[in-house]
Amino acid sequence: METNLVLESLKFMVLGMGVVFLFLYLLVLLMQLQAFIVGKFFSNNNDSNTIDTKKSNDLDEKRRIAAIIGAVMQHKK
Amino acid sequence: METNLVLESLKFMVLGMGVVFLFLYLLVLLMQLQAFIVGKFFSNNNDSNTIDTKKSNDLDEKRRIAAIIGAVMQHKK
Amino acid sequence: METNLVLESLKFMVLGMGVVFLFLYLLVLLMQLQAFIVGKFFSNNNDSNTIDTKKSNDLDEKRRIAAIIGAVMQHKK
Amino acid sequence: MKMKSFLLAAIFIFFANTAMLSASSVHESATDAQQQQAKPYEPKSIAQLSATFLERTGIYAMLFPQEGVTNGHGEEMTLFEQSTGRVIMFAIIFLLFYLAIAKGFEPLLLLPIAFGGLLANIPIANMTSDHGMLGIIYNMGIANEFFPLLIFMGVGAMTDFGPLLSNPKTALLGGAAQFGIFGSLIGAAALSQYTGIVDFSLQQAGAISIIGGADGPTSIFIASKLAPELLGAIAVAAYSYMALVPVIQPPIMRALTSKEERCIVMPKTREVKRLEKLIFPLIVVMMIALVLPDAAPLMGAFALGNFAKESGVVDRLSNEMQNSLINIVTIFLGLGVGSKLASDSFLVAETLGIMVIGLLAFAAGTAAGVIMGKIMNKFSKEPINPLIGAAGVSAVPMAARVVSKVGAEEKPGNILLMHAMGPNVAGVIGSAVAAGVLLSIFN
Amino acid sequence: MKMKSFLLAAIFIFFANTAMLSASSVHESATDAQQQQAKPYEPKSIAQLSATFLERTGIYAMLFPQEGVTNGHGEEMTLFEQSTGRVIMFAIIFLLFYLAIAKGFEPLLLLPIAFGGLLANIPIANMTSDHGMLGIIYNMGIANEFFPLLIFMGVGAMTDFGPLLSNPKTALLGGAAQFGIFGSLIGAAALSQYTGIVDFSLQQAGAISIIGGADGPTSIFIASKLAPELLGAIAVAAYSYMALVPVIQPPIMRALTSKEERCIVMPKTREVKRLEKLIFPLIVVMMIALVLPDAAPLMGAFALGNFAKESGVVDRLSNEMQNSLINIVTIFLGLGVGSKLASDSFLVAETLGIMVIGLLAFAAGTAAGVIMGKIMNKFSKEPINPLIGAAGVSAVPMAARVVSKVGAEEKPGNILLMHAMGPNVAGVIGSAVAAGVLLSIFN
Amino acid sequence: MKMKSFLLAAIFIFFANTAMLSASSVHESATDAQQQQAKPYEPKSIAQLSATFLERTGIYAMLFPQEGVTNGHGEEMTLFEQSTGRVIMFAIIFLLFYLAIAKGFEPLLLLPIAFGGLLANIPIANMTSDHGMLGIIYNMGIANEFFPLLIFMGVGAMTDFGPLLSNPKTALLGGAAQFGIFGSLIGAAALSQYTGIVDFSLQQAGAISIIGGADGPTSIFIASKLAPELLGAIAVAAYSYMALVPVIQPPIMRALTSKEERCIVMPKTREVKRLEKLIFPLIVVMMIALVLPDAAPLMGAFALGNFAKESGVVDRLSNEMQNSLINIVTIFLGLGVGSKLASDSFLVAETLGIMVIGLLAFAAGTAAGVIMGKIMNKFSKEPINPLIGAAGVSAVPMAARVVSKVGAEEKPGNILLMHAMGPNVAGVIGSAVAAGVLLSIFN
Ligand code: NA
Ligand code: NA
Ligand code: NA
């Protein structure tokens, strides 16, 4: 007996879109729950972003150069 | 029957150097043809070298620092 | 016949700690010998550390920028 | 000029004399050449040497295709695949180069894929065999689906879920856009069932449909699992259409929305705590573990990259994932996928079908996302601009940018980018879920 | 809110209807599902599809464990390992995440290890099998002990033997601390012989004992050679206790020394010539070649890295070893080791034993180092602060920093860091030698 | 000082007592030791333990070589190879270290090669076996010729064909220099035929001759294909002589040219359009596809790197090829090649022959390039300084710099560098073509 590909695909779509929406819907609920909990119990401002360290170092470097040159200029005058 | 290695090697040299020169000679012709075509049909000046972007950024960075410091100096006077 | 694990382990300890100390002791002797030979025969001051090249280049870069800006400043005055 | 003629004459005379002498012996020895591998070298005259050499030139192999010549995997190639097929493939590959370089079509993957295809189509060299450069790469990380996972790990380390976390319900838009996947599944099935052009199995149709997910690594991962014989066409289609997002999407977005809808201004999103971003990848991977383990490799790798980034304590590793590691893997992934652009794999009716279905899939996904946006706008308290639904197809971050551009055209100053990033990254998760469902069905 | 209820209702009704219809067919088809791999897809009703899907969810697999379910290596898993075991492992893994991120416990390795463990415990996905992501990584570089060697090469390229060369005899302190290894060997043997809790073979005891060496890569290398079944527990113990060095060591250091001893100021070290540093790795590798070839892979890789750095002529390569290469390998090593945190490998009585022995090993190594420091101080012309003996356990550079901190607490301004680095790096060599002896015994 | 004597005495007494007790049992158990691998551990007395340990020291293995000891590949080693052979190899390796570090002989490859050789010659450790570190590396990328191709890809990404494109006909100089290859082929054949020193097969002679091409990766690629047993010697010869280019070439260049010729000033080269550089690698790879598919892996990888660079749209990837990727592969390539410096592979008469032929090859290539330069200068409209012919041997960019230096010595201010870069990069192509011809002959 031949498989009706289109019919099977339709069934897959029903299952697939169902699971996709179920999954994302659960995810939405968990995200909202998480936001609620984190907002309630961890509302301190320790959001220091460790990842930007390098960037700021670079900037620091440039500031330091500027400061040094500034000092040199002062001295020359 | 023994193979005469030197004789065989000589034959390989004839074939090999022939192919090497033929190949490079064809390559020369194609390079000349290409230079002619590109020069004729693509002679606009869009030779912006994308590859140097990072280098020039670096330079820009330095120029910017110089400019900033210059401004600071001006201001201090 | 059962193996007495603890007894075997004790033997391993005797062998193992013996080898560890022997090895490190020989290493100490060789380090002292080396220090003596290097100190005696290679006491010239060519200890230029090739590894810091990049670092110093960076520094050079900064010094150059400083110098350039200094010159510019001089000129502006 | 003199020198040129001199050299040219000398070289040509040399070859004419030697090669022609043995022209008659060429055809007889053709099949022997295939078997000589193991034998020690036997003395030959220069004429024989030249003849043998001529036989091993690519131009000879393409002008005089032989019965019984095999591809890198020992399968016989048709005369067409050995000759005209290669020429057509070279043309297609140069087109891909043009698109990648001059038109900026996802060059990071299309360029290595196309170059892999170029090498794969060189006659005689058999670079796709298990001992050839492309075959080695293919077996190293594509046959076992390892490279797409590493890419996904790097993409995870580059992805910021902040916009999604600040407005969670936009995740549903990334779900709706997966109609692109299942719509193209039905399309592929219908094409196979009702026309004589192609004859896709359900597995093949499933592999093709993931193009609609607009995620390169997911497409390659699934194709490699369900239908490796279609890998080349699927990857080329996926990346080509992802590059075409700015062309394909806007007309559909405009056709399905009213001027008022397109002008909707969305409220500023709330700030997201670092802890939320840190926990999110763990939530995703635990949900996958509990609900859809078949998507665990994909989402696991993705969550690993994202978790490494958000943890903030392994910057060495997350930077590595985003840079050297993903670069190396991209080179290899491209070349490995390109090995499936050999004429005998690519020049089949299926490829044309895949191209058509892929285009429809993108259109369907975009439409479904926009329509879902309209529905949500109706039911939701806060206004939702339906345009951001189009970003649900993923194609991160291109689709979100397109949304932002279309929105700003309608109402200058209306910046939808951050709002569109939510469905955009949710679309990545949605595609992986859809892919997992297909895998679970065929397992 | 309306929208939410609407969607929720729709989805749940859909699933309730379809899945329940076929609830009866679930159990019968459970074992068939395992065998279907090769068969072509057969048409199913939506109810059947949903039922099959439900069976392949992780939550179903954990709630209804089945007899005959195998792990990634074809070995049968107990019902406990399939269900509660996984839950326990998830808890342990989240604890490891907490320790790595919030407490800074060696995150570069514990985070990837824990994530590998997370993926390894996902049911159905079988990611530790030879075709799964973790299994591929494990076979690529852990089964053959390749990755730990690459890590060791990178560590070698980061190590400065200057402090040791300037005061060679402190190397002996790095020897004494290896009592930690052999003490824990005896401990493991005793635990196995005199209690019924665990039943370690001598090889297993040997593998465990290397935890006392406080070198992650050495531990993994030896465990992979002598007792791969214990790899997960050994690696977790090794890195956890290395992270705990600042907690474990100070009380022992204080208990074994007098206030006067802790206040000893050591003379300034002499400057070391570049040539000495260059020759040193060659001395080490030649000594290994002559005395202990079984340690050649470990010390060879280490010396290679160090030699490349000190040569000064291959900075490209030594920088690579210290950066991209070690980062990539660290990611893979962590994931590969993490694959041994699957519930069926990790949740065994042995793990508890390993944890206890590991803790004792660190304490014993610290004590032995300090006592050796006291003895050397007695016999040596120049004063030696016995605290630096504690750095002999290696755990570079953490242990040396701890020594410096304890010393500065007793006598502010007394900087022991450089003096402690000598025994610290000697401890790495000492552990490798001890490991080599164990390998030579069991070869 | 006291402490030293104390420790030394204690340790030596311990060993003397235990080891000597069982000296008699050593010889009998020697062969058993080889087979014990799988057996469980059996209790031993400390004396037995020490004896077994002594037997597994490298110094014992070298002082008392045994019949029947095998290398990493299961082949029996002679007593000489086990003992004096290793000592000689260590000396050669220290010489290579000296050349690499103090003399700057291509350290990026010679240092890892020599270190690989050091590890390969450690007795007992068997690091070249399939389970050893070097064996793993060798099988990963040298046995299958993958690593040389990746190096070639990186070199391609670093190469600028601008100078060649601006003066195409200088490519012919890169052709003439390939006489170095075929000259040394004849040399190797003659050495084998007319002397009893060596007995090269034609394949081996072909592999050796590629040294004359002055391209490390090409040499390794061809050697690995045609004569892997000679790989170590060929690689060492190739890199050593490439490092010696500034010593070997100038006298030959001066001997073959007149003062006037060396002073010839060449006209300024035209500017090259970016489009020409972009198309050039495609031209090369298409020509290879049509004329010489046997060179497709080499030139394909090279062209891929160059095309990625010149495309300007995949800088991430081309930077990766030039940095991390080529660095990692260089480390592994060096170690893998070094594994062929084990005494039993390297200390054969053939090595000496290879060294002699390699030197002649470089001289012949240089001479042929210069003579071709003289001929072209005669026939060409624009003046050509014959010195630039010497750059045709490749050894990029060293040979071009040597040309520039010799030219500037004759006529200060005459900068030949850019003119010499043309033949220099053409020499890379020329060598790959010559290699392809040899492969096509032996296929
Ligand atoms: Na998607
Ligand atoms: Na240690
Ligand atoms: Na060459």
# chains A, B, ... in the order shown; residues from 1 in each chain; ligands from 1
>>> residues_around(residues="segment 7-22 of chain B", least_positions_apart="3", cutoff="10 Å", atoms="only C-alpha atoms", output="ChimeraX atom specification")
/B:3-4,25-28 /D:7-8,10-12,14-15,18,42-47,49-50,53 /F:171-179,181-190,202,205-206,291-292,429-438,441
>>> residues_around(residues="segment 133-150 of chain F", least_positions_apart="5", cutoff="7 Å", atoms="only C-alpha atoms", output="number ranges by chain")
D: 131, 133; E: 146, 297; F: 127-128, 217, 220-221, 224, 298, 301, 326, 329, 332-333, 335-336, 339
>>> residues_near_ligand(ligand="ligand 3", cutoff="6 Å", atoms="only C-alpha atoms and all ligand atoms", output="list in words")
Gly213, Ala214, Asp215, Val393, Ser394, Gly427, Val428, Gly430 and Ser431 of chain F
>>> select_by_dssp(residues="segment 73-209 of chain D", states="alpha helix (DSSP H)", output="PyMOL selection string")
chain D and resi 79-82+84-101+107-120+133-141+146-158+162-166+171-176+179-194+202-209
